Structures are given as structure tokens and as C-alpha cells.
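Colleague: Input structure: my_file14.pdb, which contains PDB, C-alpha atoms and all ligand atoms.
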ATOM      1  CA  MET A  65      61.256  48.148 118.174
ATOM      2  CA  VAL A  66      62.868  48.717 114.813
ATOM      3  CA  SER A  67      65.708  51.177 114.759
ATOM      4  CA  GLU A  68      67.094  52.776 111.690
ATOM      5  CA  LYS A  69      70.171  54.868 111.559
ATOM      6  CA  ILE A  70      70.462  57.365 108.760
ATOM      7  CA  GLU A  71      73.931  58.426 107.817
ATOM      8  CA  ASN A  72      74.860  61.552 105.977
ATOM      9  CA  PRO A  73      74.615  60.786 102.293
ATOM     10  CA  ARG A  74      77.865  60.186 100.495
ATOM     11  CA  PHE A  75      77.183  62.712  97.788
ATOM     12  CA  LEU A  76      77.357  65.504 100.360
ATOM     13  CA  CYS A  77      80.866  64.471 101.372
ATOM     14  CA  GLN A  78      81.855  64.259  97.733
ATOM     15  CA  SER A  79      80.427  67.683  96.938
ATOM     16  CA  GLU A  80      82.167  69.066  99.980
ATOM     17  CA  ALA A  81      85.487  67.760  98.746
ATOM     18  CA  LYS A  82      84.845  69.460  95.407
ATOM     19  CA  VAL A  83      84.086  72.753  97.149
ATOM     20  CA  LYS A  84      87.396  72.540  99.002
ATOM     21  CA  LYS A  85      89.230  71.838  95.771
ATOM     22  CA  SER A  86      87.660  74.885  94.119
ATOM     23  CA  GLN A  87      88.524  76.987  97.166
ATOM     24  CA  ARG A  88      92.150  75.993  96.871
ATOM     25  CA  ALA A  89      92.121  76.708  93.148
ATOM     26  CA  LEU A  90      90.685  80.159  93.813
ATOM     27  CA  SER A  91      93.285  80.985  96.430
ATOM     28  CA  ARG A  92      96.055  80.298  93.920
ATOM     29  CA  LYS A  93      94.737  82.795  91.359
ATOM     30  CA  LYS A  94      96.148  86.282  91.190
ATOM     31  CA  ILE A  95      93.925  88.972  92.705
ATOM     32  CA  GLY A  96      92.197  91.003  90.009
ATOM     33  CA  SER A  97      92.905  88.474  87.297
ATOM     34  CA  LYS A  98      90.373  87.043  84.867
ATOM     35  CA  ASN A  99      91.232  83.548  86.038
ATOM     36  CA  ARG A 100      90.344  84.523  89.571
ATOM     37  CA  GLU A 101      86.929  85.724  88.456
ATOM     38  CA  LYS A 102      86.433  82.426  86.676
ATOM     39  CA  ALA A 103      87.481  80.435  89.734
ATOM     40  CA  LYS A 104      85.103  82.492  91.880
ATOM     41  CA  LEU A 105      82.232  81.604  89.609
ATOM     42  CA  ILE A 106      83.105  77.916  89.704
ATOM     43  CA  LEU A 107      83.230  77.974  93.513
ATOM     44  CA  ALA A 108      79.877  79.745  93.737
ATOM     45  CA  LYS A 109      78.310  77.107  91.488
ATOM     46  CA  LYS A 110      79.694  74.280  93.619
ATOM     47  CA  HIS A 111      78.309  75.964  96.756
ATOM     48  CA  GLU A 112      74.936  76.284  95.146
ATOM     49  CA  LYS A 113      74.931  72.671  94.077
ATOM     50  CA  ILE A 114      75.741  71.373  97.555
ATOM     51  CA  ALA A 115      73.096  73.624  99.140
ATOM     52  CA  ASN A 116      70.478  72.248  96.760
ATOM     53  CA  GLN A 117      71.544  68.649  97.342
ATOM     54  CA  ARG A 118      71.331  69.157 101.097
ATOM     55  CA  LYS A 119      67.914  70.770 100.921
ATOM     56  CA  ASP A 120      66.612  68.039  98.677
ATOM     57  CA  PHE A 121      67.917  65.342 101.016
ATOM     58  CA  LEU A 122      66.334  66.962 104.086
ATOM     59  CA  HIS A 123      63.001  67.408 102.331
ATOM     60  CA  LYS A 124      62.834  63.777 101.252
ATOM     61  CA  LEU A 125      63.881  62.484 104.663
ATOM     62  CA  SER A 126      61.517  64.716 106.664
ATOM     63  CA  ARG A 127      58.665  63.820 104.317
ATOM     64  CA  ARG A 128      59.351  60.103 104.793
ATOM     65  CA  ILE A 129      59.530  60.418 108.585
ATOM     66  CA  VAL A 130      56.267  62.346 108.685
ATOM     67  CA  ASP A 131      54.643  59.822 106.325
ATOM     68  CA  GLU A 132      55.682  56.827 108.397
ATOM     69  CA  ASN A 133      55.101  58.083 111.931
ATOM     70  CA  GLN A 134      52.228  59.518 113.931
ATOM     71  CA  VAL A 135      54.441  60.826 116.733
ATOM     72  CA  ILE A 136      57.887  62.262 116.158
ATOM     73  CA  VAL A 137      60.309  63.199 118.912
ATOM     74  CA  VAL A 138      63.305  65.358 118.129
ATOM     75  CA  GLU A 139      66.298  66.253 120.164
ATOM     76  CA  THR A 140      66.941  69.938 120.465
ATOM     77  CA  LEU A 141      70.611  70.597 120.560
ATOM     78  CA  THR A 142      72.202  73.704 121.872
ATOM     79  CA  SER A 143      74.490  74.772 119.086
ATOM     80  CA  LYS A 144      77.024  75.999 121.628
ATOM     81  CA  ASP A 145      77.442  72.448 122.930
ATOM     82  CA  MET A 146      77.806  70.983 119.510
ATOM     83  CA  MET A 147      80.259  73.475 118.143
ATOM     84  CA  LYS A 148      82.724  72.688 120.906
ATOM     85  CA  ASN A 149      83.555  69.523 119.084
ATOM     86  CA  HIS A 150      84.836  70.097 115.585
ATOM     87  CA  LYS A 151      83.910  66.678 114.216
ATOM     88  CA  VAL A 152      80.382  66.825 115.530
ATOM     89  CA  ALA A 153      79.995  70.436 114.472
ATOM     90  CA  LYS A 154      80.803  69.369 110.967
ATOM     91  CA  SER A 155      78.244  66.592 110.855
ATOM     92  CA  ILE A 156      75.590  68.828 112.396
ATOM     93  CA  GLY A 157      76.425  71.394 109.753
ATOM     94  CA  ASP A 158      76.140  68.718 107.098
ATOM     95  CA  VAL A 159      72.615  67.752 107.886
ATOM     96  CA  SER A 160      71.632  71.235 109.095
ATOM     97  CA  TRP A 161      69.718  70.076 112.125
ATOM     98  CA  TYR A 162      67.786  73.280 112.626
ATOM     99  CA  GLU A 163      66.543  73.309 109.094
ATOM    100  CA  PHE A 164      65.615  69.655 109.461
ATOM    101  CA  VAL A 165      63.591  70.282 112.634
ATOM    102  CA  ARG A 166      61.903  73.253 110.936
ATOM    103  CA  GLN A 167      60.831  71.018 108.046
ATOM    104  CA  LEU A 168      59.599  68.293 110.380
ATOM    105  CA  GLU A 169      57.629  70.892 112.284
ATOM    106  CA  TYR A 170      55.685  72.341 109.403
ATOM    107  CA  LYS A 171      55.157  68.962 107.744
ATOM    108  CA  SER A 172      53.902  67.503 111.035
ATOM    109  CA  ASN A 173      51.474  70.394 111.335
ATOM    110  CA  PHE A 174      50.299  69.941 107.802
ATOM    111  CA  TYR A 175      49.748  66.181 108.051
ATOM    112  CA  GLY A 176      48.343  66.214 111.588
ATOM    113  CA  ARG A 177      51.287  64.516 113.292
ATOM    114  CA  THR A 178      52.498  65.163 116.806
ATOM    115  CA  LEU A 179      55.972  66.591 117.034
ATOM    116  CA  ILE A 180      57.592  66.593 120.453
ATOM    117  CA  LYS A 181      60.751  68.555 121.044
ATOM    118  CA  ALA A 182      62.836  67.173 123.865
ATOM    119  CA  ASP A 183      64.174  69.575 126.419
ATOM    120  CA  PRO A 184      67.810  70.351 125.534
ATOM    121  CA  TRP A 185      68.775  69.220 129.038
ATOM    122  CA  TYR A 186      67.116  65.829 128.722
ATOM    123  CA  ALA A 187      69.959  63.346 129.176
ATOM    124  CA  SER A 188      69.016  61.102 126.248
ATOM    125  CA  THR A 189      72.584  59.898 125.844
ATOM    126  CA  GLN A 190      73.312  59.295 129.520
ATOM    127  CA  ILE A 191      70.248  57.251 130.415
ATOM    128  CA  CYS A 192      70.366  53.503 129.837
ATOM    129  CA  SER A 193      67.249  52.660 127.839
ATOM    130  CA  THR A 194      67.266  49.142 129.295
ATOM    131  CA  CYS A 195      67.433  49.775 133.059
ATOM    132  CA  GLY A 196      66.674  53.500 133.156
ATOM    133  CA  VAL A 197      69.688  54.425 135.259
ATOM    134  CA  LYS A 198      71.315  57.728 134.409
ATOM    135  CA  GLY A 199      75.008  57.107 133.951
ATOM    136  CA  GLU A 200      77.931  59.427 133.505
ATOM    137  CA  LYS A 201      78.233  61.973 130.733
ATOM    138  CA  LYS A 202      79.594  60.476 127.556
ATOM    139  CA  ALA A 203      82.225  62.170 125.474
ATOM    140  CA  MET A 204      81.265  62.905 121.873
ATOM    141  CA  ASP A 205      83.566  60.244 120.488
ATOM    142  CA  VAL A 206      82.021  57.441 122.576
ATOM    143  CA  ARG A 207      79.853  55.749 119.980
ATOM    144  CA  GLU A 208      79.182  52.526 121.901
ATOM    145  CA  TRP A 209      79.033  51.810 125.601
ATOM    146  CA  THR A 210      78.045  49.183 128.132
ATOM    147  CA  CYS A 211      75.860  49.966 131.141
ATOM    148  CA  ALA A 212      76.473  48.534 134.621
ATOM    149  CA  CYS A 213      73.343  46.431 134.048
ATOM    150  CA  GLY A 214      75.131  44.695 131.197
ATOM    151  CA  ALA A 215      73.191  46.290 128.346
ATOM    152  CA  GLN A 216      75.306  47.198 125.339
ATOM    153  CA  HIS A 217      74.344  50.344 123.531
ATOM    154  CA  ASP A 218      74.905  52.145 120.308
ATOM    155  CA  ARG A 219      75.034  55.753 121.448
ATOM    156  CA  ASP A 220      72.523  57.117 118.942
ATOM    157  CA  ILE A 221      70.080  54.245 119.045
ATOM    158  CA  ASN A 222      69.997  54.262 122.864
ATOM    159  CA  ALA A 223      69.415  58.024 122.798
ATOM    160  CA  SER A 224      66.633  57.690 120.254
ATOM    161  CA  ILE A 225      64.883  55.005 122.351
ATOM    162  CA  ASN A 226      65.032  57.363 125.340
ATOM    163  CA  LEU A 227      63.634  60.194 123.241
ATOM    164  CA  LEU A 228      60.840  57.956 122.035
ATOM    165  CA  MET A 229      59.861  57.323 125.664
ATOM    166  CA  LEU A 230      58.943  60.997 125.863
ATOM    167  CA  ALA A 231      56.153  60.248 123.419
ATOM    168  CA  ASN A 232      54.345  57.982 125.886
TER     169      ASN A 232
HETATM  170 ZN    ZN B   1      71.439  49.781 132.225
END
Hey, can you dump this file as C-alpha cells for me?
Ligand SMILES: [Zn+2]
Modeller:
Amino acid sequence: MVSEKIENPRFLCQSEAKVKKSQRALSRKKIGSKNREKAKLILAKKHEKIANQRKDFLHKLSRRIVDENQVIVVETLTSKDMMKNHKVAKSIGDVSWYEFVRQLEYKSNFYGRTLIKADPWYASTQICSTCGVKGEKKAMDVREWTCACGAQHDRDINASINLLMLAN
């Protein structure tokens, strides 16, 4: 099985840094001043740019996934769970998971693919994809772990293998 991990694109992090910079610049301008109006406009433009970049990235990625696969399994995350952890919340926000699933859904429909949504309670991260034993809950910052059976796992790849099993 070939696994591919897709990271958040760098340009989103860069654009995000620019948004923060513009936010700081705005907060330093005097209320009611012309400069403040200018800074507001600059910030709005940066926000618009990052939103477009994100949308474009999600469209290209969802299109590629739908092109390359007949069956697609997605994890459905409860946003409440994810937002508990600031770091994860940020990365979920970055790739806008819900929007991504929405795109996969309508593109799968259009191109006759099967999209399976995993139950939010399916323990994709806890199950060892090698021996099938359900281990303990793993904290969000555990990126790699070793099962009692000796199998070494990358958290996300192990979870994605488990999700893929739902397709069979
Ligand atoms: Zn195992």
C-alpha cells in the first residue's frame, strides 16, 4: 500500500504571518485616522488573498483525490474534540476540514466515486493497523508510537490505513 502524507502548504503559513503583521499594524493606528482606514483595507486584502489560496488548494487536492481513487474514506471529526487542542485546532482551521469534505462529497457524486464517512467514534488512531488490537487513547502530540506487537506507526498513516479498511 502506498501512503502519501499531504502537509499544509507553506504559502498558507506565509500568508498567515502576513495577516498577523497587518493586524499588528492596524492595532497601532489611531482610531478614526486615515492611516487606520488604510491599514484596515490592507488587512482585508490579505484576508481575501489567504481565503482564495486556501480554496484553490482544497479544490486542486480534492480533485486529484477524486481523480485517482474509486473509493474515498474520510474521517469525520467532532470540532469540539479538535478545538480542545490549540495546535490541532489551528491546523484543522488551516485546511478547513469541513470545506474539504464538502468538496470531496460533491466531486465524488459527480464523478461516480464512493465516499465513505467514518463514524466520528471510530478509533482510527487507537487501533493498530498491523495486529488490529485497540490500544490506549493517544494524546494529540503523539505523532509516532509502537504497538505491543512491535509494529511502529506514524499516527496519521496508521489511522488512514484503518480508515481504508472501512472501504472493504
Ligand atoms: Zn499491533
Colleague: I want to know what sits within 7 Å of segment 135-141 of chain A, based on all atoms listed in the file, with residues of the same chain fewer than 6 positions away left out; could you give that as JSON, numbers by chain?
Modeller: {"A": [177, 178, 179, 180, 181, 182, 183, 184, 227, 228, 231]}
Colleague: Given the choices A:Ile221, A:Leu107, A:Val206, A:Cys195, which gets closest to ligand ZN 1 (chain B) if the distance is worked out from all atoms listed in the file?
Modeller: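 Checking each of A:Ile221, A:Leu107, A:Val206, A:Cys195 against ligand ZN 1 (chain B), counting all atoms listed in the file, the winner is A:Cys195.
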Colleague: Might you spell out which residues the PyMOL selection byres (((not hetatm)) within 7 of (chain B and resi 1)) would select in the displayed file, as a list of chain:residue names?
Modeller: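 When the PyMOL selection byres (((not hetatm)) within 7 of (chain B and resi 1)) is applied to the shown file, the picked residues are A:Cys192, A:Ser193, A:Thr194, A:Cys195, A:Gly196, A:Val197, A:Cys211, A:Ala212, A:Cys213, A:Gly214, A:Ala215.
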Colleague: Which residues match the PyMOL selection byres (((chain A and resi 114-117) around 12) and not hetatm) in the file above, as a ChimeraX atom specification?
Modeller: /A:72-84,107-113,118-124,157-160,163
Colleague: Quick one: pull the distance between atom CA of Gln190 of chain A and atom CA of Ala203 of chain A, Å, one decimal.
Modeller: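 Computing the Euclidean distance for atom CA of Gln190 of chain A and atom CA of Ala203 of chain A yields 10.2 Å.
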Colleague: Can you work out the spacing between atom CA of Glu208 of chain A and atom CA of Val130 of chain A in Å, to one decimal?
Modeller: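 A separation of 28.2 Å between them.
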Colleague: Written as a list in words, which residues does the PyMOL selection byres (((chain A and resi 175) around 12) and not hetatm) give for the file shown?
Modeller: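 So the PyMOL selection byres (((chain A and resi 175) around 12) and not hetatm) ends up selecting Ser126, Arg127, Arg128, Ile129, Val130, Asp131, Glu132, Asn133, Gln134, Val135, Leu168, Glu169, Tyr170, Lys171, Ser172, Asn173, Phe174, Gly176, Arg177, Thr178 and Leu179 of chain A.
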Colleague: Output the selection as a PDB file, in the coordinates of the input - C-alpha atoms for each residue.
Modeller:
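Saved as again.pdb:
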ATOM      1  CA  SER A 126      61.517  64.716 106.664  1.00  0.00           C
ATOM      2  CA  ARG A 127      58.665  63.820 104.317  1.00  0.00           C
ATOM      3  CA  ARG A 128      59.351  60.103 104.793  1.00  0.00           C
ATOM      4  CA  ILE A 129      59.530  60.418 108.585  1.00  0.00           C
ATOM      5  CA  VAL A 130      56.267  62.346 108.685  1.00  0.00           C
ATOM      6  CA  ASP A 131      54.643  59.822 106.325  1.00  0.00           C
ATOM      7  CA  GLU A 132      55.682  56.827 108.397  1.00  0.00           C
ATOM      8  CA  ASN A 133      55.101  58.083 111.931  1.00  0.00           C
ATOM      9  CA  GLN A 134      52.228  59.518 113.931  1.00  0.00           C
ATOM     10  CA  VAL A 135      54.441  60.826 116.733  1.00  0.00           C
ATOM     11  CA  LEU A 168      59.599  68.293 110.380  1.00  0.00           C
ATOM     12  CA  GLU A 169      57.629  70.892 112.284  1.00  0.00           C
ATOM     13  CA  TYR A 170      55.685  72.341 109.403  1.00  0.00           C
ATOM     14  CA  LYS A 171      55.157  68.962 107.744  1.00  0.00           C
ATOM     15  CA  SER A 172      53.902  67.503 111.035  1.00  0.00           C
ATOM     16  CA  ASN A 173      51.474  70.394 111.335  1.00  0.00           C
ATOM     17  CA  PHE A 174      50.299  69.941 107.802  1.00  0.00           C
ATOM     18  CA  GLY A 176      48.343  66.214 111.588  1.00  0.00           C
ATOM     19  CA  ARG A 177      51.287  64.516 113.292  1.00  0.00           C
ATOM     20  CA  THR A 178      52.498  65.163 116.806  1.00  0.00           C
ATOM     21  CA  LEU A 179      55.972  66.591 117.034  1.00  0.00           C
TER      22      LEU A 179
END
Colleague: For a test of reading the model, state the distance in Å between atom CA of Ser224 of chain A and atom CA of Phe164 of chain A, rounded to one decimal.
Modeller: 16.1 Å
Colleague: I'd like the neighbourhood of Thr189 of chain A as a list in words, where a residue qualifies if any of its atoms comes within 9 Å (using all atoms listed in the file), though same-chain residues fewer than 5 positions away should be ignored.
Modeller: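 Result of the neighbour search: Lys198, Gly199, Lys201, Lys202, Arg219, Asp220, Asn222, Ala223, Ser224 and Asn226 of chain A.
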Colleague: Writing N, CA and C atoms and nothing else, produce segment 96-142 of chain A as a PDB file, in the first residue's frame.
Modeller:
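Printed below is decode-v9.pdb as written:
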ATOM      1  N   GLY A  96     -10.042  56.294  14.064  1.00  0.00           N
ATOM      2  CA  GLY A  96     -10.610  57.420  13.322  1.00  0.00           C
ATOM      3  C   GLY A  96      -9.646  58.069  12.351  1.00  0.00           C
ATOM      4  N   SER A  97      -8.400  57.618  12.374  1.00  0.00           N
ATOM      5  CA  SER A  97      -7.420  58.259  11.488  1.00  0.00           C
ATOM      6  C   SER A  97      -7.464  57.677  10.081  1.00  0.00           C
ATOM      7  N   LYS A  98      -6.920  58.449   9.140  1.00  0.00           N
ATOM      8  CA  LYS A  98      -6.859  57.990   7.749  1.00  0.00           C
ATOM      9  C   LYS A  98      -5.968  56.763   7.632  1.00  0.00           C
ATOM     10  N   ASN A  99      -4.867  56.795   8.390  1.00  0.00           N
ATOM     11  CA  ASN A  99      -3.933  55.670   8.360  1.00  0.00           C
ATOM     12  C   ASN A  99      -4.584  54.374   8.830  1.00  0.00           C
ATOM     13  N   ARG A 100      -5.503  54.509   9.766  1.00  0.00           N
ATOM     14  CA  ARG A 100      -6.198  53.327  10.258  1.00  0.00           C
ATOM     15  C   ARG A 100      -7.094  52.745   9.171  1.00  0.00           C
ATOM     16  N   GLU A 101      -7.754  53.628   8.445  1.00  0.00           N
ATOM     17  CA  GLU A 101      -8.599  53.165   7.333  1.00  0.00           C
ATOM     18  C   GLU A 101      -7.753  52.427   6.298  1.00  0.00           C
ATOM     19  N   LYS A 102      -6.586  52.992   6.036  1.00  0.00           N
ATOM     20  CA  LYS A 102      -5.673  52.374   5.073  1.00  0.00           C
ATOM     21  C   LYS A 102      -5.245  50.992   5.551  1.00  0.00           C
ATOM     22  N   ALA A 103      -4.882  50.915   6.824  1.00  0.00           N
ATOM     23  CA  ALA A 103      -4.411  49.647   7.393  1.00  0.00           C
ATOM     24  C   ALA A 103      -5.525  48.605   7.379  1.00  0.00           C
ATOM     25  N   LYS A 104      -6.750  49.065   7.587  1.00  0.00           N
ATOM     26  CA  LYS A 104      -7.913  48.166   7.547  1.00  0.00           C
ATOM     27  C   LYS A 104      -8.060  47.542   6.172  1.00  0.00           C
ATOM     28  N   LEU A 105      -7.884  48.374   5.177  1.00  0.00           N
ATOM     29  CA  LEU A 105      -8.013  47.924   3.790  1.00  0.00           C
ATOM     30  C   LEU A 105      -6.928  46.895   3.457  1.00  0.00           C
ATOM     31  N   ILE A 106      -5.730  47.179   3.917  1.00  0.00           N
ATOM     32  CA  ILE A 106      -4.612  46.253   3.661  1.00  0.00           C
ATOM     33  C   ILE A 106      -4.898  44.902   4.307  1.00  0.00           C
ATOM     34  N   LEU A 107      -5.391  44.932   5.552  1.00  0.00           N
ATOM     35  CA  LEU A 107      -5.696  43.691   6.266  1.00  0.00           C
ATOM     36  C   LEU A 107      -6.797  42.893   5.548  1.00  0.00           C
ATOM     37  N   ALA A 108      -7.816  43.610   5.093  1.00  0.00           N
ATOM     38  CA  ALA A 108      -8.913  42.936   4.391  1.00  0.00           C
ATOM     39  C   ALA A 108      -8.410  42.258   3.125  1.00  0.00           C
ATOM     40  N   LYS A 109      -7.488  42.916   2.435  1.00  0.00           N
ATOM     41  CA  LYS A 109      -6.934  42.333   1.199  1.00  0.00           C
ATOM     42  C   LYS A 109      -6.129  41.080   1.499  1.00  0.00           C
ATOM     43  N   LYS A 110      -5.364  41.119   2.597  1.00  0.00           N
ATOM     44  CA  LYS A 110      -4.556  39.952   2.966  1.00  0.00           C
ATOM     45  C   LYS A 110      -5.471  38.776   3.327  1.00  0.00           C
ATOM     46  N   HIS A 111      -6.563  39.088   4.041  1.00  0.00           N
ATOM     47  CA  HIS A 111      -7.535  38.041   4.404  1.00  0.00           C
ATOM     48  C   HIS A 111      -8.144  37.419   3.155  1.00  0.00           C
ATOM     49  N   GLU A 112      -8.449  38.249   2.220  1.00  0.00           N
ATOM     50  CA  GLU A 112      -9.059  37.763   0.987  1.00  0.00           C
ATOM     51  C   GLU A 112      -8.082  36.879   0.222  1.00  0.00           C
ATOM     52  N   LYS A 113      -6.843  37.294   0.204  1.00  0.00           N
ATOM     53  CA  LYS A 113      -5.833  36.534  -0.521  1.00  0.00           C
ATOM     54  C   LYS A 113      -5.689  35.137   0.088  1.00  0.00           C
ATOM     55  N   ILE A 114      -5.589  35.073   1.409  1.00  0.00           N
ATOM     56  CA  ILE A 114      -5.374  33.782   2.057  1.00  0.00           C
ATOM     57  C   ILE A 114      -6.603  32.884   1.869  1.00  0.00           C
ATOM     58  N   ALA A 115      -7.786  33.467   1.895  1.00  0.00           N
ATOM     59  CA  ALA A 115      -9.008  32.672   1.693  1.00  0.00           C
ATOM     60  C   ALA A 115      -9.019  32.068   0.294  1.00  0.00           C
ATOM     61  N   ASN A 116      -8.596  32.859  -0.678  1.00  0.00           N
ATOM     62  CA  ASN A 116      -8.552  32.357  -2.061  1.00  0.00           C
ATOM     63  C   ASN A 116      -7.497  31.282  -2.245  1.00  0.00           C
ATOM     64  N   GLN A 117      -6.343  31.481  -1.622  1.00  0.00           N
ATOM     65  CA  GLN A 117      -5.264  30.487  -1.713  1.00  0.00           C
ATOM     66  C   GLN A 117      -5.724  29.158  -1.118  1.00  0.00           C
ATOM     67  N   ARG A 118      -6.411  29.242   0.015  1.00  0.00           N
ATOM     68  CA  ARG A 118      -6.870  28.049   0.714  1.00  0.00           C
ATOM     69  C   ARG A 118      -7.905  27.293  -0.128  1.00  0.00           C
ATOM     70  N   LYS A 119      -8.822  28.046  -0.683  1.00  0.00           N
ATOM     71  CA  LYS A 119      -9.876  27.458  -1.504  1.00  0.00           C
ATOM     72  C   LYS A 119      -9.275  26.767  -2.720  1.00  0.00           C
ATOM     73  N   ASP A 120      -8.346  27.452  -3.343  1.00  0.00           N
ATOM     74  CA  ASP A 120      -7.689  26.924  -4.524  1.00  0.00           C
ATOM     75  C   ASP A 120      -6.948  25.621  -4.200  1.00  0.00           C
ATOM     76  N   PHE A 121      -6.256  25.619  -3.079  1.00  0.00           N
ATOM     77  CA  PHE A 121      -5.515  24.433  -2.648  1.00  0.00           C
ATOM     78  C   PHE A 121      -6.467  23.256  -2.409  1.00  0.00           C
ATOM     79  N   LEU A 122      -7.563  23.505  -1.717  1.00  0.00           N
ATOM     80  CA  LEU A 122      -8.525  22.440  -1.411  1.00  0.00           C
ATOM     81  C   LEU A 122      -9.180  21.901  -2.678  1.00  0.00           C
ATOM     82  N   HIS A 123      -9.468  22.799  -3.613  1.00  0.00           N
ATOM     83  CA  HIS A 123     -10.088  22.350  -4.865  1.00  0.00           C
ATOM     84  C   HIS A 123      -9.154  21.445  -5.661  1.00  0.00           C
ATOM     85  N   LYS A 124      -7.891  21.844  -5.743  1.00  0.00           N
ATOM     86  CA  LYS A 124      -6.928  21.043  -6.502  1.00  0.00           C
ATOM     87  C   LYS A 124      -6.724  19.688  -5.836  1.00  0.00           C
ATOM     88  N   LEU A 125      -6.592  19.699  -4.522  1.00  0.00           N
ATOM     89  CA  LEU A 125      -6.332  18.451  -3.795  1.00  0.00           C
ATOM     90  C   LEU A 125      -7.538  17.511  -3.870  1.00  0.00           C
ATOM     91  N   SER A 126      -8.739  18.041  -3.653  1.00  0.00           N
ATOM     92  CA  SER A 126      -9.927  17.173  -3.687  1.00  0.00           C
ATOM     93  C   SER A 126     -10.139  16.624  -5.100  1.00  0.00           C
ATOM     94  N   ARG A 127      -9.850  17.438  -6.103  1.00  0.00           N
ATOM     95  CA  ARG A 127      -9.988  16.987  -7.483  1.00  0.00           C
ATOM     96  C   ARG A 127      -9.014  15.832  -7.762  1.00  0.00           C
ATOM     97  N   ARG A 128      -7.784  15.981  -7.275  1.00  0.00           N
ATOM     98  CA  ARG A 128      -6.770  14.949  -7.503  1.00  0.00           C
ATOM     99  C   ARG A 128      -7.173  13.651  -6.794  1.00  0.00           C
ATOM    100  N   ILE A 129      -7.641  13.759  -5.568  1.00  0.00           N
ATOM    101  CA  ILE A 129      -8.029  12.563  -4.813  1.00  0.00           C
ATOM    102  C   ILE A 129      -9.182  11.847  -5.509  1.00  0.00           C
ATOM    103  N   VAL A 130     -10.141  12.621  -5.981  1.00  0.00           N
ATOM    104  CA  VAL A 130     -11.290  12.024  -6.668  1.00  0.00           C
ATOM    105  C   VAL A 130     -10.860  11.414  -8.007  1.00  0.00           C
ATOM    106  N   ASP A 131      -9.922  12.061  -8.685  1.00  0.00           N
ATOM    107  CA  ASP A 131      -9.401  11.532  -9.950  1.00  0.00           C
ATOM    108  C   ASP A 131      -8.716  10.188  -9.757  1.00  0.00           C
ATOM    109  N   GLU A 132      -7.942  10.086  -8.667  1.00  0.00           N
ATOM    110  CA  GLU A 132      -7.047   8.941  -8.507  1.00  0.00           C
ATOM    111  C   GLU A 132      -7.664   7.760  -7.762  1.00  0.00           C
ATOM    112  N   ASN A 133      -8.833   7.966  -7.162  1.00  0.00           N
ATOM    113  CA  ASN A 133      -9.382   6.893  -6.325  1.00  0.00           C
ATOM    114  C   ASN A 133     -10.851   6.618  -6.613  1.00  0.00           C
ATOM    115  N   GLN A 134     -11.202   5.328  -6.557  1.00  0.00           N
ATOM    116  CA  GLN A 134     -12.594   4.944  -6.762  1.00  0.00           C
ATOM    117  C   GLN A 134     -13.372   5.034  -5.454  1.00  0.00           C
ATOM    118  N   VAL A 135     -12.691   4.702  -4.355  1.00  0.00           N
ATOM    119  CA  VAL A 135     -13.326   4.738  -3.036  1.00  0.00           C
ATOM    120  C   VAL A 135     -12.521   5.667  -2.135  1.00  0.00           C
ATOM    121  N   ILE A 136     -13.216   6.555  -1.484  1.00  0.00           N
ATOM    122  CA  ILE A 136     -12.552   7.530  -0.611  1.00  0.00           C
ATOM    123  C   ILE A 136     -13.182   7.441   0.777  1.00  0.00           C
ATOM    124  N   VAL A 137     -12.341   7.293   1.783  1.00  0.00           N
ATOM    125  CA  VAL A 137     -12.862   7.253   3.151  1.00  0.00           C
ATOM    126  C   VAL A 137     -12.366   8.491   3.894  1.00  0.00           C
ATOM    127  N   VAL A 138     -13.270   9.195   4.510  1.00  0.00           N
ATOM    128  CA  VAL A 138     -12.843  10.373   5.276  1.00  0.00           C
ATOM    129  C   VAL A 138     -13.213  10.229   6.744  1.00  0.00           C
ATOM    130  N   GLU A 139     -12.364  10.819   7.545  1.00  0.00           N
ATOM    131  CA  GLU A 139     -12.619  10.840   8.967  1.00  0.00           C
ATOM    132  C   GLU A 139     -13.536  12.019   9.238  1.00  0.00           C
ATOM    133  N   THR A 140     -14.532  11.802  10.058  1.00  0.00           N
ATOM    134  CA  THR A 140     -15.354  12.941  10.448  1.00  0.00           C
ATOM    135  C   THR A 140     -14.965  13.300  11.863  1.00  0.00           C
ATOM    136  N   LEU A 141     -14.532  14.510  12.011  1.00  0.00           N
ATOM    137  CA  LEU A 141     -14.030  14.947  13.301  1.00  0.00           C
ATOM    138  C   LEU A 141     -15.099  15.770  13.992  1.00  0.00           C
ATOM    139  N   THR A 142     -15.193  15.582  15.285  1.00  0.00           N
ATOM    140  CA  THR A 142     -16.104  16.470  16.000  1.00  0.00           C
ATOM    141  C   THR A 142     -15.287  17.716  16.332  1.00  0.00           C
TER     142      THR A 142
END
